[in-house]
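Asker: I have a structure I would like to understand better, so I am pasting it below and will then ask my questions one at a time.
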Amino acid sequence: MTIGKKKGLSRRAMLKGTAAAAGLAAGSGAITGFPTIWAQSNITLRQFGTGVSNLNAIAERCKEDLGITLEMTALDSDATAQRTVTQPNSYDIADIEYWICKKVFPAGVLQPMDTNKIKYFDKIVPLFITGKLTPDSVIAQGTAPHTVGFVEGQESTTFAKEPTQWMTLIPTIYNADTLGIRPDLVGREIKNWKDILDPAFKGKTSILNIPSIGIMDAAMICESAGIITYGDKGNMTKEEIDTTIDFLIKTKKDGQFRAFWKTFDESVNLMASGEVVIQSMWSPAVAAVRSKGVPCVYQPLEEGYRSWGGGLGIAKHLSGAQLDAAYEYINWYLSGWVGAYLNRQGYYSAVLDTAKENMTPNEWGFWMEGKPAEEDIVSPEGKVMEKAGAVRDGGSFYDRMGHVACWNAVMDEDRYMVSKWNEFIAS
Amino acid sequence: MSEAATTTTMPGPDADAAAPAAAAPAARRGASARSIASYLQAAPLALILFVFLLIPIVTIVVVSFWDYDFARIIPDFVLTNYREALGSSVTWRTYLNTLRYAAIVWALTAVIGFTVAYFLAFYIRSATMQMVLFLICTVPFLTSNIIRMISWIPFLGRNGLLNSALIHIGIVDEPLEFLLFSDFAVILAMVHLYTLFMVAPVFNTLMRIDRSVVEAARDAGASGWQTLWNVIIPLAKPGIAIGSIFVVTLVMGDFITVRFMSGGQSASVGLMMANQISLLQYPAAAANAVILLITVLIIVAAIIRLVDIRKEL
């Protein structure tokens, strides 16, 4: 059965390959170099992944610039992880987070990318190459992207300790998360993660109920409050998990939490309605609360940020013209337009130089350098996000990404952690 | 969870079809043709139940014995899913909590549902008005039940309509925190969502009560309460039982009301399964589904044992 499948696939890939080659031949006369126009062929790349970077605007622009049709499917992180492994023929490009990569790449469903074919490889933020934003940065805990960013060879599924020629994911989008607060309602300065435990906020706090991320926020809080010091927050021992969850249960019983949120809109509503005054939040949710005219600050904290990042991986089955198209797409992704689009949403893009060329000096100053906006800051959809004079919470790119305490991670004791987390919710 | 209710009505058509066939002393050919016809008549429903009820349940039972890791479910025959589910104190606490919700919601919907149905059946004289009022009861059901539930959130919140009003008229100084994201909120929303499922069957049975029975009771010297307690409620039992089956099965299987109204602070069996599914632990969720199905079937069996539902249908 598998043999038959493979046969069918290679035949189809070959047909597509010849069609693409014909298109390439027709197109190459007029256009030299980058970007190749694939419009004459009908190359389609099926991309799937978590919702953050699956944006229709990117698919439309990609069709315009490259002639490649992107079919995008958005799923939640767990479903993404599962589909990457179990249905490797159902996608061409996987848009996954680095901690998912740690889970799925060893299954051999993705092929590493040749860095020689990545045009802007040298300009990718070093966070994803060496793990150090600046040469003297300290590498954060958790699944730091560079630890799962390379494999030892083209056929290898073993993560390399040093950068190699074979890259697992091309970083697309990343950010630093912290607590969101209502500056008008907290009535005090918020400086540490432990401030969420202040008795003054009893019944007015929330953390997110997605085990793999919620446990990290909980760990930041516990460590800040001096309950425990972790060896690695991203890879806790059973004892560390027990201590963390026991503390959470006790805090819950004391009535410190108002609710636990699971979706983006829930977090926005909790904050905007004043049900909570301090909680785990994602950056676009803070923007959404502010757009309702409610003050909300994405508060930088002394212990640092909890960071996350995603990237594009190529499915093992891609070859020939489709593989070339995938490289073309990835090079286009890093060439600036997408980067500028993502930066304008408050995320960060992998290659900053090219994104900068696609942003106005005012936008660049506000989003990346932490400077006050000289004029109104407008979202990619044309909505005013910040008035002139506003400064980004947390400041510049280097201030924010330079203070990452921990990356989203998958633990060795994942299953145990999830069962303990469920106990916390049921308690 | 409505499968429990459907299976109990299943003998209905068969019994009806069999009775005339047996009663007719016509020629054998006629009888057998008619029995074939009755099989054909029952076939569409049987087929639908087979494809959409029996096969899924059998699948769930089969999958509940499979093994799994983070990404795959592995065909196997293991008891770990059941052992983990039944051996964990979290499961037991969650079941107890769900049963507690079911009991409280059942009691409230039974009292409210019976009162509403009683008012409609005995105090409203004209049949037109009865139907109009009954339809008014169903109007909220023209919107999605999630919308109806979520609309409680801005109403009950700390700065919601109710708290603002209470503070404004000086009844309380501080907003009442227990109104939202609490057991109170969960039960309130469930009662709101499910009372109609009690009203409809009770109203139906009350309408069938022969009014001369009530007159006879009064002639025999029964007071209003005595009539209610000794005559009307016993006759309304089948309706109450059917309503109870609806309410209990709905509450036992609920996850979205518990999640939204408790703000994720409480657990229910449905929520536990939803969590497992989102973590792709399908076999564990299937095992829980089987346990829940058995629990609910036991409750339904108990209700049917107490009250002969078919007596009044």
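In the structure tokens, chains take the letters A, B, ... in the order shown, each chain's residues start at 1, and ligands count up from 1 in the order shown.
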Considering only C-alpha atoms, return as a list in words whatever protein or nucleic-acid residues lie within 9 Å of Pro284 (chain A), sequence-local ones (same chain, fewer than 4 positions apart) excluded.
Answerer: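 Neighbouring residues, sequence-local ones excluded: Phe264, Ala288, Val289, Gln345, Gly346 and Tyr347 of chain A.
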Asker: Just the selected residues (N, CA and C atoms), exported as an mmCIF file, in the first residue's frame, please.
Answerer:
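Just written: part.cif:
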```cif
data_model
loop_
_atom_site.group_PDB
_atom_site.id
_atom_site.type_symbol
_atom_site.label_atom_id
_atom_site.label_comp_id
_atom_site.auth_asym_id
_atom_site.auth_seq_id
_atom_site.Cartn_x
_atom_site.Cartn_y
_atom_site.Cartn_z
ATOM 1 N N PHE A 264 -7.908 33.748 22.738
ATOM 2 C CA PHE A 264 -7.540 35.145 22.593
ATOM 3 C C PHE A 264 -8.666 36.082 23.024
ATOM 4 N N ALA A 288 -5.780 44.838 21.179
ATOM 5 C CA ALA A 288 -7.236 44.771 21.025
ATOM 6 C C ALA A 288 -7.957 45.465 22.177
ATOM 7 N N VAL A 289 -7.425 45.314 23.403
ATOM 8 C CA VAL A 289 -8.041 45.991 24.550
ATOM 9 C C VAL A 289 -7.926 47.502 24.371
ATOM 10 N N GLN A 345 2.528 44.402 13.117
ATOM 11 C CA GLN A 345 1.503 43.829 13.998
ATOM 12 C C GLN A 345 2.030 43.664 15.413
ATOM 13 N N GLY A 346 3.272 44.026 15.616
ATOM 14 C CA GLY A 346 3.836 43.915 16.962
ATOM 15 C C GLY A 346 4.614 42.633 17.171
ATOM 16 N N TYR A 347 4.729 41.798 16.119
ATOM 17 C CA TYR A 347 5.602 40.627 16.212
ATOM 18 C C TYR A 347 6.978 41.041 15.709
#
```
Asker: Determine, for each residue of chain A having at least one atom at most 9 Å from an atom of chain B, the closest pair of atoms and their separation in Å to one decimal, counting only C-alpha atoms; order by chain and ascending number, as CSV.
Answerer:
```
residue,atom,partner,partner_atom,distance
A:Asp76,CA,B:Ser278,CA,8.7
A:Asp78,CA,B:Leu279,CA,6.0
A:Ala79,CA,B:Leu280,CA,7.3
A:Ala81,CA,B:Ala71,CA,7.1
A:Gln82,CA,B:Ala71,CA,4.6
A:Arg83,CA,B:Ala71,CA,7.8
A:Thr84,CA,B:Ala71,CA,8.8
A:Val85,CA,B:Ala71,CA,6.6
A:Thr86,CA,B:Ala71,CA,6.8
A:Lys103,CA,B:Phe70,CA,8.9
A:Val104,CA,B:Ala71,CA,8.8
A:Gly203,CA,B:Glu177,CA,8.1
A:Asn209,CA,B:Gly264,CA,7.6
A:Lys252,CA,B:Gln265,CA,8.5
A:Phe257,CA,B:Gln265,CA,8.6
A:Arg258,CA,B:Phe181,CA,7.0
A:Ala259,CA,B:Gly263,CA,4.4
A:Phe260,CA,B:Gly264,CA,5.0
A:Trp261,CA,B:Gly264,CA,6.7
A:Lys262,CA,B:Gly264,CA,8.2
A:Ser273,CA,B:Asn159,CA,6.9
A:Gly274,CA,B:Asn159,CA,7.0
A:Glu275,CA,B:Arg158,CA,5.9
A:Arg415,CA,B:Phe70,CA,8.5
A:Val418,CA,B:Leu279,CA,8.8
A:Asn422,CA,B:Met272,CA,7.9
A:Glu423,CA,B:Val90,CA,5.8
A:Ile425,CA,B:Gln265,CA,6.0
A:Ala426,CA,B:Ala267,CA,4.8
A:Ser427,CA,B:Ser266,CA,7.4
```
Asker: For the residues selected in the previous step, produce a file with N, CA and C atoms as a PDB file, in the first residue's frame.
Answerer:
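As written to disk, out30.pdb reads:
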```pdb
ATOM      1  N   ASP A  76      -4.892  24.611  15.915  1.00  0.00           N
ATOM      2  CA  ASP A  76      -4.234  24.958  17.174  1.00  0.00           C
ATOM      3  C   ASP A  76      -2.933  24.156  17.313  1.00  0.00           C
ATOM      4  N   ASP A  78      -1.633  21.905  19.269  1.00  0.00           N
ATOM      5  CA  ASP A  78      -1.605  20.456  19.464  1.00  0.00           C
ATOM      6  C   ASP A  78      -2.001  19.714  18.202  1.00  0.00           C
ATOM      7  N   ALA A  79      -3.035  20.233  17.525  1.00  0.00           N
ATOM      8  CA  ALA A  79      -3.476  19.601  16.283  1.00  0.00           C
ATOM      9  C   ALA A  79      -2.388  19.741  15.221  1.00  0.00           C
ATOM     10  N   ALA A  81       0.861  19.850  15.752  1.00  0.00           N
ATOM     11  CA  ALA A  81       1.907  18.881  16.055  1.00  0.00           C
ATOM     12  C   ALA A  81       1.501  17.497  15.569  1.00  0.00           C
ATOM     13  N   GLN A  82       0.259  17.139  15.828  1.00  0.00           N
ATOM     14  CA  GLN A  82      -0.200  15.808  15.457  1.00  0.00           C
ATOM     15  C   GLN A  82      -0.209  15.631  13.945  1.00  0.00           C
ATOM     16  N   ARG A  83      -0.744  16.649  13.249  1.00  0.00           N
ATOM     17  CA  ARG A  83      -0.878  16.505  11.809  1.00  0.00           C
ATOM     18  C   ARG A  83       0.487  16.468  11.131  1.00  0.00           C
ATOM     19  N   THR A  84       1.429  17.212  11.663  1.00  0.00           N
ATOM     20  CA  THR A  84       2.765  17.208  11.084  1.00  0.00           C
ATOM     21  C   THR A  84       3.309  15.783  11.034  1.00  0.00           C
ATOM     22  N   VAL A  85       3.062  15.039  12.115  1.00  0.00           N
ATOM     23  CA  VAL A  85       3.615  13.690  12.194  1.00  0.00           C
ATOM     24  C   VAL A  85       2.750  12.664  11.480  1.00  0.00           C
ATOM     25  N   THR A  86       1.429  12.770  11.664  1.00  0.00           N
ATOM     26  CA  THR A  86       0.574  11.676  11.204  1.00  0.00           C
ATOM     27  C   THR A  86       0.134  11.802   9.755  1.00  0.00           C
ATOM     28  N   LYS A 103       9.430  18.196  19.001  1.00  0.00           N
ATOM     29  CA  LYS A 103       8.634  16.967  19.067  1.00  0.00           C
ATOM     30  C   LYS A 103       8.609  16.233  17.735  1.00  0.00           C
ATOM     31  N   VAL A 104       8.438  16.981  16.626  1.00  0.00           N
ATOM     32  CA  VAL A 104       8.090  16.330  15.364  1.00  0.00           C
ATOM     33  C   VAL A 104       9.270  16.060  14.447  1.00  0.00           C
ATOM     34  N   GLY A 203      -8.915  37.677  43.399  1.00  0.00           N
ATOM     35  CA  GLY A 203     -10.096  37.567  42.550  1.00  0.00           C
ATOM     36  C   GLY A 203     -10.045  38.456  41.323  1.00  0.00           C
ATOM     37  N   ASN A 209      -5.041  28.932  30.424  1.00  0.00           N
ATOM     38  CA  ASN A 209      -5.269  27.513  30.641  1.00  0.00           C
ATOM     39  C   ASN A 209      -4.914  26.718  29.390  1.00  0.00           C
ATOM     40  N   LYS A 252      -5.237  29.060  43.942  1.00  0.00           N
ATOM     41  CA  LYS A 252      -6.608  29.018  43.416  1.00  0.00           C
ATOM     42  C   LYS A 252      -7.608  28.916  44.566  1.00  0.00           C
ATOM     43  N   PHE A 257      -7.417  33.816  41.733  1.00  0.00           N
ATOM     44  CA  PHE A 257      -7.744  33.899  40.307  1.00  0.00           C
ATOM     45  C   PHE A 257      -9.232  34.170  40.097  1.00  0.00           C
ATOM     46  N   ARG A 258      -9.510  34.964  39.084  1.00  0.00           N
ATOM     47  CA  ARG A 258     -10.893  35.207  38.702  1.00  0.00           C
ATOM     48  C   ARG A 258     -11.341  34.152  37.696  1.00  0.00           C
ATOM     49  N   ALA A 259     -10.471  33.855  36.746  1.00  0.00           N
ATOM     50  CA  ALA A 259     -10.820  32.901  35.699  1.00  0.00           C
ATOM     51  C   ALA A 259      -9.534  32.399  35.054  1.00  0.00           C
ATOM     52  N   PHE A 260      -9.665  31.370  34.228  1.00  0.00           N
ATOM     53  CA  PHE A 260      -8.554  30.921  33.400  1.00  0.00           C
ATOM     54  C   PHE A 260      -9.005  31.013  31.960  1.00  0.00           C
ATOM     55  N   TRP A 261      -8.193  31.644  31.131  1.00  0.00           N
ATOM     56  CA  TRP A 261      -8.660  31.798  29.755  1.00  0.00           C
ATOM     57  C   TRP A 261      -7.956  30.848  28.811  1.00  0.00           C
ATOM     58  N   LYS A 262      -8.654  30.542  27.734  1.00  0.00           N
ATOM     59  CA  LYS A 262      -8.099  29.595  26.772  1.00  0.00           C
ATOM     60  C   LYS A 262      -7.957  30.220  25.392  1.00  0.00           C
ATOM     61  N   SER A 273     -13.349  44.240  30.357  1.00  0.00           N
ATOM     62  CA  SER A 273     -14.512  44.406  31.222  1.00  0.00           C
ATOM     63  C   SER A 273     -14.110  44.716  32.660  1.00  0.00           C
ATOM     64  N   GLY A 274     -12.808  44.641  32.962  1.00  0.00           N
ATOM     65  CA  GLY A 274     -12.364  44.924  34.323  1.00  0.00           C
ATOM     66  C   GLY A 274     -12.531  43.738  35.263  1.00  0.00           C
ATOM     67  N   GLU A 275     -12.850  42.546  34.722  1.00  0.00           N
ATOM     68  CA  GLU A 275     -12.929  41.363  35.588  1.00  0.00           C
ATOM     69  C   GLU A 275     -11.554  41.066  36.187  1.00  0.00           C
ATOM     70  N   ARG A 415       3.662  14.523  29.666  1.00  0.00           N
ATOM     71  CA  ARG A 415       2.400  13.864  29.976  1.00  0.00           C
ATOM     72  C   ARG A 415       2.057  13.998  31.461  1.00  0.00           C
ATOM     73  N   VAL A 418       0.824  17.536  32.075  1.00  0.00           N
ATOM     74  CA  VAL A 418      -0.548  17.771  31.633  1.00  0.00           C
ATOM     75  C   VAL A 418      -1.547  17.182  32.622  1.00  0.00           C
ATOM     76  N   ASN A 422      -4.324  19.291  34.730  1.00  0.00           N
ATOM     77  CA  ASN A 422      -5.759  18.991  34.778  1.00  0.00           C
ATOM     78  C   ASN A 422      -6.251  18.903  36.216  1.00  0.00           C
ATOM     79  N   GLU A 423      -5.390  18.382  37.093  1.00  0.00           N
ATOM     80  CA  GLU A 423      -5.739  18.289  38.501  1.00  0.00           C
ATOM     81  C   GLU A 423      -5.942  19.696  39.076  1.00  0.00           C
ATOM     82  N   ILE A 425      -6.857  22.392  37.414  1.00  0.00           N
ATOM     83  CA  ILE A 425      -8.096  22.981  36.903  1.00  0.00           C
ATOM     84  C   ILE A 425      -9.307  22.357  37.594  1.00  0.00           C
ATOM     85  N   ALA A 426      -9.221  21.042  37.885  1.00  0.00           N
ATOM     86  CA  ALA A 426     -10.366  20.362  38.496  1.00  0.00           C
ATOM     87  C   ALA A 426     -10.452  20.618  39.996  1.00  0.00           C
ATOM     88  N   SER A 427      -9.388  21.120  40.595  1.00  0.00           N
ATOM     89  CA  SER A 427      -9.373  21.259  42.060  1.00  0.00           C
ATOM     90  C   SER A 427     -10.275  22.393  42.528  1.00  0.00           C
TER      91      SER A 427
END
```
Asker: Write out as JSON, numbers by chain the residues lying within 12 Å of Ser137 (chain A), counting only C-alpha atoms and excluding same-chain residues fewer than 3 positions away.
Answerer: {"A": [126, 127, 130, 131, 132, 133, 134, 140, 398, 399, 401, 402, 403, 404, 405]}
Asker: Which residues are close to Val378 (chain A), i.e. within 10 Å by only C-alpha atoms, leaving aside same-chain residues fewer than 3 positions away? Reply as a ChimeraX atom specification.
Answerer: /A:344-345,363,375,381-387
Asker: Store the residues picked out above, limited to N, CA and C atoms, as a CSV table (one decimal), in the first residue's frame.
Answerer:
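See again-v6.csv below for the written result:
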```csv
chain,number,residue,atom,x,y,z
A,344,ARG,N,4.8,45.3,11.9
A,344,ARG,CA,3.7,46.3,12.1
A,344,ARG,C,2.6,45.7,13.0
A,345,GLN,N,2.5,44.4,13.1
A,345,GLN,CA,1.5,43.8,14.0
A,345,GLN,C,2.0,43.7,15.4
A,363,GLU,N,7.6,54.1,11.6
A,363,GLU,CA,7.2,52.8,12.0
A,363,GLU,C,8.4,52.0,12.6
A,375,GLU,N,4.2,60.1,14.2
A,375,GLU,CA,2.9,60.3,13.8
A,375,GLU,C,2.1,59.0,14.1
A,381,GLU,N,-4.0,46.7,8.4
A,381,GLU,CA,-5.3,46.8,7.9
A,381,GLU,C,-5.8,48.2,7.8
A,382,GLY,N,-4.9,49.2,8.2
A,382,GLY,CA,-5.3,50.6,8.1
A,382,GLY,C,-5.9,51.2,9.3
A,383,LYS,N,-5.9,50.5,10.4
A,383,LYS,CA,-6.6,51.0,11.6
A,383,LYS,C,-5.5,51.7,12.5
A,384,VAL,N,-5.9,52.8,13.1
A,384,VAL,CA,-4.9,53.5,14.0
A,384,VAL,C,-4.7,52.7,15.2
A,385,MET,N,-3.4,52.3,15.5
A,385,MET,CA,-3.2,51.5,16.7
A,385,MET,C,-2.6,52.3,17.8
A,386,GLU,N,-1.8,53.3,17.5
A,386,GLU,CA,-1.2,54.1,18.5
A,386,GLU,C,-1.2,55.6,18.0
A,387,LYS,N,-1.5,56.5,18.9
A,387,LYS,CA,-1.4,57.9,18.5
A,387,LYS,C,0.1,58.4,18.5
```
